[in-house]
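These notes are about the structure you will find just below.
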Amino acid sequence: MAIRTLIVDDEPHALEIIKKYAVNVPEIEIVDTCNNALKALQLVQHTKIDLVFLDIKMPGLTGTDLIRGLKTPPMIIFTTAYQEYAIDGFELNAIDYLLKPVPLERFLRAIDKVMQFINGDKNRRHLKEPEGLATAAPTHFLYLRIERQLVKVDTRDILWIESVKDYIKVVTTDKTFQTKQKISVAEKLLPIGEFMRIHRSFIIPVNKTDAYHPNYMIIAGNKIPIGRNYKLACSHKFNPGTDLL
């Protein structure tokens, strides 16, 4: 699935940053870039565009004015250096709102929201289908910067994530990835409710636990330690109604 994407910004440096990030996301197809909203308006009206990264404060026509002028706007991610425009952005049903300079992890969170939105539309369509047809579960990916490229990891394949100094190890069913990133950043990029921090250095998928002990979890034959500050939450999650041993 290619998400046909337009990047609009009158600041060349800001435009290049978004383009640099976007070109490494396999699902994104960059259709064009432009530095003003009038050209963007023409492109959106005459070309199939699924997603627009759109600066708000531009000379002539602003980004918000552009969206208000469209009958059926594409998905929008606003980019701006001015936080006071956030309310306008969300009133226009933007997928996300990025403050410049945009960090990579914040960009990836915005892409995750786009994927959730697309999957949500698919699920709504499935609900209208006749009974008996299987409904596909939304797919969620974690993007890891490895050797100057973004590697897409299906979160359903993750066994655990481990923090090692300034790096994290993402252990999957068939491969281990290592990237320079804080575990707290990775935690924010994971689907809510499907993963749990059980130690300052470990995150696990809750549906892949084979056994629970007050001091550790067993996943695929491996003992994952439970930190002292996480024991109560783990007990409530995996052994509800029972006191800690």
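Quick note on naming: the chains in the structure tokens go A, B, ... in the order shown, residues restart at 1 in each chain, and ligands are numbered from 1 in order of appearance.
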Could you give me, as a PyMOL selection string, each residue of segment 13-87 of chain A that DSSP assigns to helix (DSSP H, G or I) when run on this structure's backbone? chain A and resi 13-22+37-46+63-68+83-87
Go through segment 2-245 of chain A and collect every residue that DSSP, computed from the backbone, puts in strand (DSSP E); the answer should be as a ChimeraX atom specification. /A:3-8,28-34,51-55,75-80,96-99,141-146,149-154,158-164,167-172,176-180,195-199,202-205,211-213,216-219,222-225
I'd like the neighbourhood of segment 198-214 of chain A as a ChimeraX atom specification, where a residue qualifies if any of its atoms comes within 6 Å (using only C-alpha atoms), though same-chain residues fewer than 4 positions away should be ignored. /A:160-163,194,218-219,226-227,230
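Across the structure, atom CA of Leu232 of chain A and atom CA of Pro191 of chain A are spaced 22.0 Å apart.
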Give me, as a PyMOL selection string, all polymer residues having an atom no more than 12 Å from Ile95 of chain A, counting only C-alpha atoms and skipping those fewer than 5 positions away in the same chain. chain A and resi 50-54+73-79+86+89-90+107+109-118
Need the shell around segment 140-150 of chain A: protein/DNA/RNA residues with any atom at most 9 Å away, counting only C-alpha atoms. Skip same-chain ones fewer than 3 positions apart. Format as a PyMOL selection string? chain A and resi 21+24-26+105+108+112+115-116+153-156+177-181+186+189-191
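Restricting the calculation to only C-alpha atoms, the smallest distance between Thr172 of chain A and any of A:Ile158, A:Ile56, A:Asn215, A:Lys231 is found for A:Ile158.
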All residues 8 Å or closer to segment 65-72 of chain A, only C-alpha atoms, same chain fewer than 6 positions away omitted, as a PyMOL selection string: chain A and resi 37-38+41+92
Write out, as a compact mmCIF listing (two decimals), in the first residue's frame, the residues just selected, with all heavy atoms.
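Output below, filename result-v3.txt:
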```txt
# COMPACT_ATOMS: atom_id res chain seq x y z
N ALA A 37 1.19 27.34 -0.75
CA ALA A 37 -0.11 26.68 -0.64
C ALA A 37 -0.91 26.72 -1.94
O ALA A 37 -1.74 25.84 -2.19
CB ALA A 37 -0.91 27.30 0.49
N LEU A 38 -0.70 27.73 -2.77
CA LEU A 38 -1.44 27.82 -4.03
C LEU A 38 -1.09 26.68 -4.97
O LEU A 38 -1.97 26.05 -5.57
CB LEU A 38 -1.17 29.17 -4.70
CG LEU A 38 -1.84 30.39 -4.04
CD1 LEU A 38 -1.35 31.68 -4.68
CD2 LEU A 38 -3.36 30.27 -4.16
N LEU A 41 -2.58 23.56 -3.57
CA LEU A 41 -4.02 23.48 -3.85
C LEU A 41 -4.27 22.89 -5.24
O LEU A 41 -5.13 22.01 -5.41
CB LEU A 41 -4.64 24.88 -3.76
CG LEU A 41 -6.14 24.98 -4.06
CD1 LEU A 41 -6.95 24.15 -3.08
CD2 LEU A 41 -6.59 26.44 -4.00
N LEU A 92 -9.53 21.31 12.25
CA LEU A 92 -9.65 20.90 10.85
C LEU A 92 -9.42 19.39 10.70
O LEU A 92 -9.19 18.90 9.60
CB LEU A 92 -8.65 21.68 9.99
CG LEU A 92 -8.95 23.18 9.86
CD1 LEU A 92 -7.79 23.91 9.22
CD2 LEU A 92 -10.23 23.40 9.07
```
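Atom CA of Thr33 of chain A to atom CA of Val151 of chain A spans 24.0 Å [interatomic distance, one decimal].
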Find, counting only C-alpha atoms, the residue in A:Arg4, A:Asn229, A:Glu11, A:Met217 that gets nearest to Cys34 of chain A. A:Glu11
Do a neighbour search on Thr47 of chain A at 12 Å with only C-alpha atoms, toss out local chain neighbours closer than 5 positions, and write the hits as a PDB file with all heavy atoms, in the first residue's frame.
```
ATOM      1  N   ARG A   4       0.241   8.097  -1.043  1.00  0.00           N
ATOM      2  CA  ARG A   4       0.711   9.159  -1.939  1.00  0.00           C
ATOM      3  C   ARG A   4       0.756  10.477  -1.161  1.00  0.00           C
ATOM      4  O   ARG A   4      -0.269  10.973  -0.697  1.00  0.00           O
ATOM      5  CB  ARG A   4      -0.203   9.248  -3.157  1.00  0.00           C
ATOM      6  CG  ARG A   4      -0.098   8.013  -4.059  1.00  0.00           C
ATOM      7  CD  ARG A   4      -1.102   8.056  -5.195  1.00  0.00           C
ATOM      8  NE  ARG A   4      -0.995   9.259  -6.014  1.00  0.00           N
ATOM      9  CZ  ARG A   4      -0.120   9.420  -6.997  1.00  0.00           C
ATOM     10  NH1 ARG A   4       0.740   8.457  -7.282  1.00  0.00           N
ATOM     11  NH2 ARG A   4      -0.090  10.541  -7.703  1.00  0.00           N
ATOM     12  N   THR A   5       1.960  11.024  -1.054  1.00  0.00           N
ATOM     13  CA  THR A   5       2.223  12.099  -0.097  1.00  0.00           C
ATOM     14  C   THR A   5       2.758  13.359  -0.767  1.00  0.00           C
ATOM     15  O   THR A   5       3.607  13.297  -1.663  1.00  0.00           O
ATOM     16  CB  THR A   5       3.238  11.611   0.963  1.00  0.00           C
ATOM     17  OG1 THR A   5       2.696  10.463   1.618  1.00  0.00           O
ATOM     18  CG2 THR A   5       3.526  12.684   1.999  1.00  0.00           C
ATOM     19  N   LEU A   6       2.265  14.494  -0.303  1.00  0.00           N
ATOM     20  CA  LEU A   6       2.715  15.815  -0.741  1.00  0.00           C
ATOM     21  C   LEU A   6       3.312  16.537   0.461  1.00  0.00           C
ATOM     22  O   LEU A   6       2.734  16.519   1.550  1.00  0.00           O
ATOM     23  CB  LEU A   6       1.534  16.609  -1.314  1.00  0.00           C
ATOM     24  CG  LEU A   6       1.785  18.078  -1.684  1.00  0.00           C
ATOM     25  CD1 LEU A   6       2.780  18.190  -2.833  1.00  0.00           C
ATOM     26  CD2 LEU A   6       0.459  18.762  -2.046  1.00  0.00           C
ATOM     27  N   VAL A  31       4.842  12.164  -3.865  1.00  0.00           N
ATOM     28  CA  VAL A  31       4.359  12.557  -5.190  1.00  0.00           C
ATOM     29  C   VAL A  31       5.025  13.844  -5.641  1.00  0.00           C
ATOM     30  O   VAL A  31       5.433  13.987  -6.796  1.00  0.00           O
ATOM     31  CB  VAL A  31       2.824  12.716  -5.182  1.00  0.00           C
ATOM     32  CG1 VAL A  31       2.321  13.228  -6.528  1.00  0.00           C
ATOM     33  CG2 VAL A  31       2.159  11.396  -4.838  1.00  0.00           C
ATOM     34  N   ASP A  32       5.154  14.797  -4.703  1.00  0.00           N
ATOM     35  CA  ASP A  32       5.744  16.092  -5.054  1.00  0.00           C
ATOM     36  C   ASP A  32       6.051  16.866  -3.775  1.00  0.00           C
ATOM     37  O   ASP A  32       5.584  16.503  -2.684  1.00  0.00           O
ATOM     38  CB  ASP A  32       4.780  16.902  -5.927  1.00  0.00           C
ATOM     39  CG  ASP A  32       5.528  17.876  -6.856  1.00  0.00           C
ATOM     40  OD1 ASP A  32       6.711  18.181  -6.578  1.00  0.00           O
ATOM     41  OD2 ASP A  32       4.925  18.321  -7.843  1.00  0.00           O
ATOM     42  N   LYS A  39       0.215  26.384  -5.055  1.00  0.00           N
ATOM     43  CA  LYS A  39       0.625  25.245  -5.892  1.00  0.00           C
ATOM     44  C   LYS A  39       0.114  23.945  -5.279  1.00  0.00           C
ATOM     45  O   LYS A  39      -0.329  23.038  -5.998  1.00  0.00           O
ATOM     46  CB  LYS A  39       2.144  25.202  -6.025  1.00  0.00           C
ATOM     47  CG  LYS A  39       2.619  24.069  -6.927  1.00  0.00           C
ATOM     48  CD  LYS A  39       4.127  24.009  -7.040  1.00  0.00           C
ATOM     49  CE  LYS A  39       4.561  22.800  -7.881  1.00  0.00           C
ATOM     50  NZ  LYS A  39       6.045  22.656  -7.940  1.00  0.00           N
ATOM     51  N   ALA A  40       0.159  23.870  -3.958  1.00  0.00           N
ATOM     52  CA  ALA A  40      -0.343  22.674  -3.273  1.00  0.00           C
ATOM     53  C   ALA A  40      -1.825  22.470  -3.559  1.00  0.00           C
ATOM     54  O   ALA A  40      -2.280  21.343  -3.773  1.00  0.00           O
ATOM     55  CB  ALA A  40      -0.107  22.795  -1.766  1.00  0.00           C
ATOM     56  N   LEU A  41      -2.582  23.561  -3.570  1.00  0.00           N
ATOM     57  CA  LEU A  41      -4.022  23.483  -3.853  1.00  0.00           C
ATOM     58  C   LEU A  41      -4.270  22.888  -5.237  1.00  0.00           C
ATOM     59  O   LEU A  41      -5.128  22.011  -5.412  1.00  0.00           O
ATOM     60  CB  LEU A  41      -4.643  24.879  -3.756  1.00  0.00           C
ATOM     61  CG  LEU A  41      -6.141  24.983  -4.056  1.00  0.00           C
ATOM     62  CD1 LEU A  41      -6.952  24.148  -3.081  1.00  0.00           C
ATOM     63  CD2 LEU A  41      -6.589  26.445  -4.004  1.00  0.00           C
ATOM     64  N   GLN A  42      -3.501  23.346  -6.226  1.00  0.00           N
ATOM     65  CA  GLN A  42      -3.648  22.821  -7.589  1.00  0.00           C
ATOM     66  C   GLN A  42      -3.315  21.327  -7.643  1.00  0.00           C
ATOM     67  O   GLN A  42      -4.015  20.544  -8.294  1.00  0.00           O
ATOM     68  CB  GLN A  42      -2.741  23.591  -8.541  1.00  0.00           C
ATOM     69  CG  GLN A  42      -3.155  25.050  -8.726  1.00  0.00           C
ATOM     70  CD  GLN A  42      -2.140  25.822  -9.558  1.00  0.00           C
ATOM     71  OE1 GLN A  42      -1.041  25.347  -9.810  1.00  0.00           O
ATOM     72  NE2 GLN A  42      -2.518  27.022  -9.987  1.00  0.00           N
ATOM     73  N   PRO A  74      -7.384  15.586   1.883  1.00  0.00           N
ATOM     74  CA  PRO A  74      -6.688  14.341   2.228  1.00  0.00           C
ATOM     75  C   PRO A  74      -6.316  14.344   3.712  1.00  0.00           C
ATOM     76  O   PRO A  74      -6.653  15.280   4.445  1.00  0.00           O
ATOM     77  CB  PRO A  74      -5.431  14.396   1.344  1.00  0.00           C
ATOM     78  CG  PRO A  74      -5.192  15.868   1.138  1.00  0.00           C
ATOM     79  CD  PRO A  74      -6.548  16.510   1.109  1.00  0.00           C
TER      80      PRO A  74
END
```
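The interatomic distance for the pair atom CA of Tyr167 of chain A and atom CA of Glu187 of chain A works out to 13.4 Å.
You can rank A:Ile7, A:Val23, A:Met58, A:Ile192 by their closest distance to Leu43 of chain A using only C-alpha atoms, and at the top of that list sits A:Ile7.
With distances restricted to only C-alpha atoms, A:Glu27 is the closest residue to Lys152 of chain A from A:Asp174, A:Glu27, A:Asp55, A:Asp166.
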Best match for closeness to Arg106 of chain A among A:Lys223, A:His236, A:Lys169, A:Lys188, counting only C-alpha atoms: A:Lys188
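Nearest to Asn36 of chain A of all the residues A:Leu15, A:Cys234, A:Ile183, A:Met196 is A:Leu15, based on only C-alpha atoms.
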